[in-house]
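Chemist: Before I ask anything, let me first share the structure, which is written out below as structure tokens.
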Amino acid sequence: MKKTGFITFEGPDGSGKTTISRKVVEALKNEGYDVVYTREPGGIEIAEEIRNVILDPKNTKMDIRTEALLYAASRRQHLVEKILPALEAQKLVICDRFVDSSLAYQGVGRGIGIDEVFQINQFAIDDHMPELTLYLDVNAQTGLSRITSRKFKDRLDQEDISFHLEVVKGYEQVVERFKDRIVKIDANRSIAAIVQEALKTIHERVLD
Ligand code: TMP
């Protein structure tokens, strides 16, 4: 039985990704796995500081390439400081967002281009890609209404509806491009059903 692996969760804002990934981690820990649960942008002090700069609603002047580079910079630090050492120690790493978020949000949402964003991220990740990515596929309307009802909206939540719809289109392209790695999960169901499918997929594709 395999105990280690690098698994990511992806999805547009409001897809329920954080709720689902937390529950999946809880279940895996109960099964006895040594899990490191982390998130991007963030996960460690330097990257959390970069996160605050990126998402601060007052940073309205931020250029889109600056934004893409900051996400890549925070990813680099997070990878070398937390993800790689955990994998080296044979732990199971579950990360809420990774490079696919940059491809969908900056590549397509911001219109920089998937290839361009992937290229700058290669410098950051040096070919370290997740073994499995679970994409939470939520109805666009559900996702948007969840963002609208958030009390605190960060700089990206505050973007208009068209941006969020472009991000969804971006994810569709990313899922198609990396179909061997990314598994789409229908996220328009009960939390329990989504968690169960996520766990089943993780076992089938990574652990068993
Ligand atoms: P979160 O709300 O899932 O914590 O993510 C913060 C925001 O950052 C969310 O709107 C998605 C966005 N994001 C990007 O635009 N590019 C990235 O590479 C990552 C990791 C997140």
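Identifiers in the structure tokens: chain A, B, ... in order shown; residue index from 1 per chain; ligand index from 1 in order shown.
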Can you build me a table of chain A residues sitting at most 6 Å from ligand 1, with the closest atom pair per residue and its distance in Å to one decimal, using only C-alpha atoms and all ligand atoms, sorted by chain and residue number, as JSON lines?
Modeler:
{"residue": "A:Asp13", "atom": "CA", "partner": "ligand 1", "partner_atom_place_in_ligand_line": "10 (O)", "distance": 5.8}
{"residue": "A:Glu40", "atom": "CA", "partner": "ligand 1", "partner_atom_place_in_ligand_line": "20 (C)", "distance": 4.6}
{"residue": "A:Pro41", "atom": "CA", "partner": "ligand 1", "partner_atom_place_in_ligand_line": "20 (C)", "distance": 4.7}
{"residue": "A:Tyr71", "atom": "CA", "partner": "ligand 1", "partner_atom_place_in_ligand_line": "18 (O)", "distance": 5.1}
{"residue": "A:Arg97", "atom": "CA", "partner": "ligand 1", "partner_atom_place_in_ligand_line": "20 (C)", "distance": 5.1}
{"residue": "A:Phe98", "atom": "CA", "partner": "ligand 1", "partner_atom_place_in_ligand_line": "20 (C)", "distance": 5.2}
{"residue": "A:Val99", "atom": "CA", "partner": "ligand 1", "partner_atom_place_in_ligand_line": "18 (O)", "distance": 5.7}
{"residue": "A:Ser101", "atom": "CA", "partner": "ligand 1", "partner_atom_place_in_ligand_line": "18 (O)", "distance": 4.3}
{"residue": "A:Ser102", "atom": "CA", "partner": "ligand 1", "partner_atom_place_in_ligand_line": "18 (O)", "distance": 3.4}
{"residue": "A:Tyr105", "atom": "CA", "partner": "ligand 1", "partner_atom_place_in_ligand_line": "15 (O)", "distance": 4.6}
{"residue": "A:Gln106", "atom": "CA", "partner": "ligand 1", "partner_atom_place_in_ligand_line": "15 (O)", "distance": 5.9}
{"residue": "A:Leu156", "atom": "CA", "partner": "ligand 1", "partner_atom_place_in_ligand_line": "10 (O)", "distance": 4.8}
{"residue": "A:Asp157", "atom": "CA", "partner": "ligand 1", "partner_atom_place_in_ligand_line": "10 (O)", "distance": 5.7}
Chemist: Can you write out the residues you just picked, keeping N, CA and C atoms, as a PDB file, in the first residue's frame?
Modeler:
ATOM      1  N   ASP A  13     -13.786  29.804  -7.631  1.00  0.00           N
ATOM      2  CA  ASP A  13     -14.260  30.308  -6.340  1.00  0.00           C
ATOM      3  C   ASP A  13     -15.703  29.859  -6.163  1.00  0.00           C
ATOM      4  N   GLU A  40      -2.652  27.014  -1.434  1.00  0.00           N
ATOM      5  CA  GLU A  40      -1.978  28.064  -2.192  1.00  0.00           C
ATOM      6  C   GLU A  40      -2.991  29.137  -2.557  1.00  0.00           C
ATOM      7  N   PRO A  41      -2.612  30.391  -2.661  1.00  0.00           N
ATOM      8  CA  PRO A  41      -1.302  30.874  -2.250  1.00  0.00           C
ATOM      9  C   PRO A  41      -1.207  30.855  -0.733  1.00  0.00           C
ATOM     10  N   TYR A  71       2.064  34.827  -7.705  1.00  0.00           N
ATOM     11  CA  TYR A  71       1.532  33.478  -7.433  1.00  0.00           C
ATOM     12  C   TYR A  71       2.644  32.444  -7.639  1.00  0.00           C
ATOM     13  N   ARG A  97      -5.446  24.007  -4.206  1.00  0.00           N
ATOM     14  CA  ARG A  97      -4.927  24.780  -5.347  1.00  0.00           C
ATOM     15  C   ARG A  97      -3.432  24.568  -5.557  1.00  0.00           C
ATOM     16  N   PHE A  98      -3.015  24.618  -6.837  1.00  0.00           N
ATOM     17  CA  PHE A  98      -1.595  24.590  -7.224  1.00  0.00           C
ATOM     18  C   PHE A  98      -1.525  25.231  -8.603  1.00  0.00           C
ATOM     19  N   VAL A  99      -0.623  24.760  -9.438  1.00  0.00           N
ATOM     20  CA  VAL A  99      -0.351  25.463 -10.702  1.00  0.00           C
ATOM     21  C   VAL A  99      -1.577  25.606 -11.620  1.00  0.00           C
ATOM     22  N   SER A 101      -4.477  26.462 -10.929  1.00  0.00           N
ATOM     23  CA  SER A 101      -5.196  27.711 -10.621  1.00  0.00           C
ATOM     24  C   SER A 101      -4.590  28.860 -11.410  1.00  0.00           C
ATOM     25  N   SER A 102      -3.265  28.902 -11.495  1.00  0.00           N
ATOM     26  CA  SER A 102      -2.628  29.981 -12.260  1.00  0.00           C
ATOM     27  C   SER A 102      -2.984  29.888 -13.745  1.00  0.00           C
ATOM     28  N   TYR A 105      -6.839  31.014 -13.838  1.00  0.00           N
ATOM     29  CA  TYR A 105      -7.110  32.406 -13.420  1.00  0.00           C
ATOM     30  C   TYR A 105      -6.254  33.416 -14.179  1.00  0.00           C
ATOM     31  N   GLN A 106      -4.921  33.199 -14.181  1.00  0.00           N
ATOM     32  CA  GLN A 106      -4.069  34.181 -14.855  1.00  0.00           C
ATOM     33  C   GLN A 106      -4.005  33.889 -16.368  1.00  0.00           C
ATOM     34  N   LEU A 156      -9.676  39.160  -5.698  1.00  0.00           N
ATOM     35  CA  LEU A 156     -10.150  38.364  -6.832  1.00  0.00           C
ATOM     36  C   LEU A 156     -11.656  38.090  -6.754  1.00  0.00           C
ATOM     37  N   ASP A 157     -12.162  37.908  -5.516  1.00  0.00           N
ATOM     38  CA  ASP A 157     -13.624  37.718  -5.373  1.00  0.00           C
ATOM     39  C   ASP A 157     -14.364  38.939  -5.929  1.00  0.00           C
TER      40      ASP A 157
END
Chemist: Assign secondary structure with DSSP using the backbone only, and return the residues of stretch 20-196 of chain A in strand (DSSP E or B) as a ChimeraX atom specification.
Modeler: /A:35-39,92-96,132-137,182-186
Chemist: Which residue, A:Val25, A:Ile7, A:Ile120, A:Ile64, has the smallest gap to A:Ile182 when you use only C-alpha atoms?
Modeler: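 The answer is A:Ile7, which sits nearest to A:Ile182.
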Chemist: List as a list of chain:residue names the protein and nucleic acid residues near stretch 162-175 of chain A, meaning an atom at most 7 Å away when only C-alpha atoms are counted, but skip any in the same chain fewer than 5 places from it.
Modeler: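 Here the qualifying residues turn out to be A:Pro12, A:Asp100, A:Ala104, A:Tyr105, A:Val108, A:Gly109, A:Ile182.
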Chemist: Mind writing the picked residues with N, CA, C and O atoms as a compact mmCIF listing (two decimals), in the first residue's frame?
Modeler:
# COMPACT_ATOMS: atom_id res chain seq x y z
N PRO A 12 -13.23 26.61 -9.35
CA PRO A 12 -13.44 28.06 -9.30
C PRO A 12 -13.85 28.50 -7.89
O PRO A 12 -14.20 27.66 -7.05
N ASP A 100 -2.51 24.64 -11.59
CA ASP A 100 -3.68 24.74 -12.47
C ASP A 100 -4.49 26.00 -12.19
O ASP A 100 -5.14 26.53 -13.10
N ALA A 104 -5.73 28.65 -15.07
CA ALA A 104 -7.13 29.06 -15.28
C ALA A 104 -7.34 30.55 -14.97
O ALA A 104 -7.96 31.26 -15.77
N TYR A 105 -6.84 31.01 -13.84
CA TYR A 105 -7.11 32.41 -13.42
C TYR A 105 -6.25 33.42 -14.18
O TYR A 105 -6.78 34.39 -14.71
N VAL A 108 -6.20 32.25 -18.40
CA VAL A 108 -7.44 32.49 -19.15
C VAL A 108 -8.24 33.65 -18.54
O VAL A 108 -8.63 34.58 -19.25
N GLY A 109 -8.48 33.63 -17.23
CA GLY A 109 -9.25 34.71 -16.60
C GLY A 109 -8.66 36.08 -16.89
O GLY A 109 -9.35 37.00 -17.32
N ILE A 182 -5.94 15.01 -14.31
CA ILE A 182 -7.06 15.68 -13.64
C ILE A 182 -8.35 14.87 -13.75
O ILE A 182 -8.77 14.49 -14.85
Chemist: Identify which of the residues A:Lys82, A:Lys91, A:Lys2, A:Lys17 lies closest to A:Tyr135, counting only C-alpha atoms when measuring atom-to-atom distances.
Modeler: A:Lys17
Chemist: Could you tell me which of A:Leu199, A:Ile50, A:Ile161, A:Ile112 comes closest to A:Glu26 if we count only C-alpha atoms?
Modeler: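 Selected residue with least distance to A:Glu26: A:Leu199.
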Chemist: Name the residues in contact with A:Val138 at a cut-off of 9 Å, using only C-alpha atoms, excluding same-chain residues fewer than 3 positions from it; report them as a ChimeraX atom specification.
Modeler: /A:11-12,14-16,141-143,185-188
Chemist: Keeping only N, CA and C atoms, take the residues you just selected and write them out as an mmCIF file, in the first residue's frame.
Modeler:
data_model
loop_
_atom_site.group_PDB
_atom_site.id
_atom_site.type_symbol
_atom_site.label_atom_id
_atom_site.label_comp_id
_atom_site.auth_asym_id
_atom_site.auth_seq_id
_atom_site.Cartn_x
_atom_site.Cartn_y
_atom_site.Cartn_z
ATOM 1 N N GLY A 11 -10.686 24.204 -8.462
ATOM 2 C CA GLY A 11 -12.057 24.577 -8.777
ATOM 3 C C GLY A 11 -12.200 26.082 -8.712
ATOM 4 N N PRO A 12 -13.234 26.609 -9.352
ATOM 5 C CA PRO A 12 -13.442 28.063 -9.296
ATOM 6 C C PRO A 12 -13.847 28.502 -7.890
ATOM 7 N N GLY A 14 -16.037 29.431 -4.940
ATOM 8 C CA GLY A 14 -17.411 29.017 -4.665
ATOM 9 C C GLY A 14 -17.691 27.569 -5.051
ATOM 10 N N SER A 15 -16.654 26.800 -5.384
ATOM 11 C CA SER A 15 -16.892 25.398 -5.787
ATOM 12 C C SER A 15 -17.001 24.467 -4.573
ATOM 13 N N GLY A 16 -16.677 24.989 -3.386
ATOM 14 C CA GLY A 16 -16.755 24.173 -2.176
ATOM 15 C C GLY A 16 -15.465 23.401 -1.920
ATOM 16 N N GLN A 141 -23.579 29.151 -11.864
ATOM 17 C CA GLN A 141 -24.498 29.989 -11.085
ATOM 18 C C GLN A 141 -24.345 29.749 -9.572
ATOM 19 N N THR A 142 -24.197 28.471 -9.195
ATOM 20 C CA THR A 142 -24.011 28.141 -7.773
ATOM 21 C C THR A 142 -22.734 28.775 -7.255
ATOM 22 N N GLY A 143 -21.674 28.629 -8.029
ATOM 23 C CA GLY A 143 -20.379 29.186 -7.625
ATOM 24 C C GLY A 143 -20.479 30.690 -7.438
ATOM 25 N N ILE A 185 -14.899 16.025 -10.838
ATOM 26 C CA ILE A 185 -15.902 15.494 -9.910
ATOM 27 C C ILE A 185 -17.115 16.410 -9.929
ATOM 28 N N ASP A 186 -18.279 15.811 -10.109
ATOM 29 C CA ASP A 186 -19.508 16.611 -10.136
ATOM 30 C C ASP A 186 -19.760 17.162 -8.726
ATOM 31 N N ALA A 187 -19.616 18.486 -8.596
ATOM 32 C CA ALA A 187 -19.720 19.108 -7.265
ATOM 33 C C ALA A 187 -21.100 19.708 -7.008
ATOM 34 N N ASN A 188 -22.077 19.325 -7.831
ATOM 35 C CA ASN A 188 -23.445 19.811 -7.610
ATOM 36 C C ASN A 188 -24.259 18.789 -6.826
#
Chemist: Env of A:Val36: 8 Å cut, atoms = only C-alpha atoms, seq-sep filter 4 positions within chain, self excluded. Answer as an MDAnalysis selection string.
Modeler: chainID A and resid 86 91:94
Chemist: Only N, CA, C and O atoms, please: the residues just picked out, written as a PDB file, in the first residue's frame.
Modeler:
ATOM      1  N   ALA A  86       7.928  17.227   2.756  1.00  0.00           N
ATOM      2  CA  ALA A  86       6.891  16.293   3.224  1.00  0.00           C
ATOM      3  C   ALA A  86       6.889  15.036   2.358  1.00  0.00           C
ATOM      4  O   ALA A  86       6.756  13.920   2.862  1.00  0.00           O
ATOM      5  N   LYS A  91       5.264  11.447   3.322  1.00  0.00           N
ATOM      6  CA  LYS A  91       3.916  11.849   3.748  1.00  0.00           C
ATOM      7  C   LYS A  91       3.009  12.026   2.527  1.00  0.00           C
ATOM      8  O   LYS A  91       3.491  12.115   1.391  1.00  0.00           O
ATOM      9  N   LEU A  92       1.722  12.111   2.822  1.00  0.00           N
ATOM     10  CA  LEU A  92       0.743  12.339   1.767  1.00  0.00           C
ATOM     11  C   LEU A  92       0.414  13.835   1.793  1.00  0.00           C
ATOM     12  O   LEU A  92      -0.028  14.359   2.811  1.00  0.00           O
ATOM     13  N   VAL A  93       0.663  14.511   0.672  1.00  0.00           N
ATOM     14  CA  VAL A  93       0.437  15.962   0.633  1.00  0.00           C
ATOM     15  C   VAL A  93      -0.854  16.259  -0.126  1.00  0.00           C
ATOM     16  O   VAL A  93      -1.021  15.842  -1.277  1.00  0.00           O
ATOM     17  N   ILE A  94      -1.759  16.962   0.547  1.00  0.00           N
ATOM     18  CA  ILE A  94      -3.003  17.384  -0.111  1.00  0.00           C
ATOM     19  C   ILE A  94      -2.997  18.901  -0.128  1.00  0.00           C
ATOM     20  O   ILE A  94      -2.924  19.554   0.920  1.00  0.00           O
TER      21      ILE A  94
END
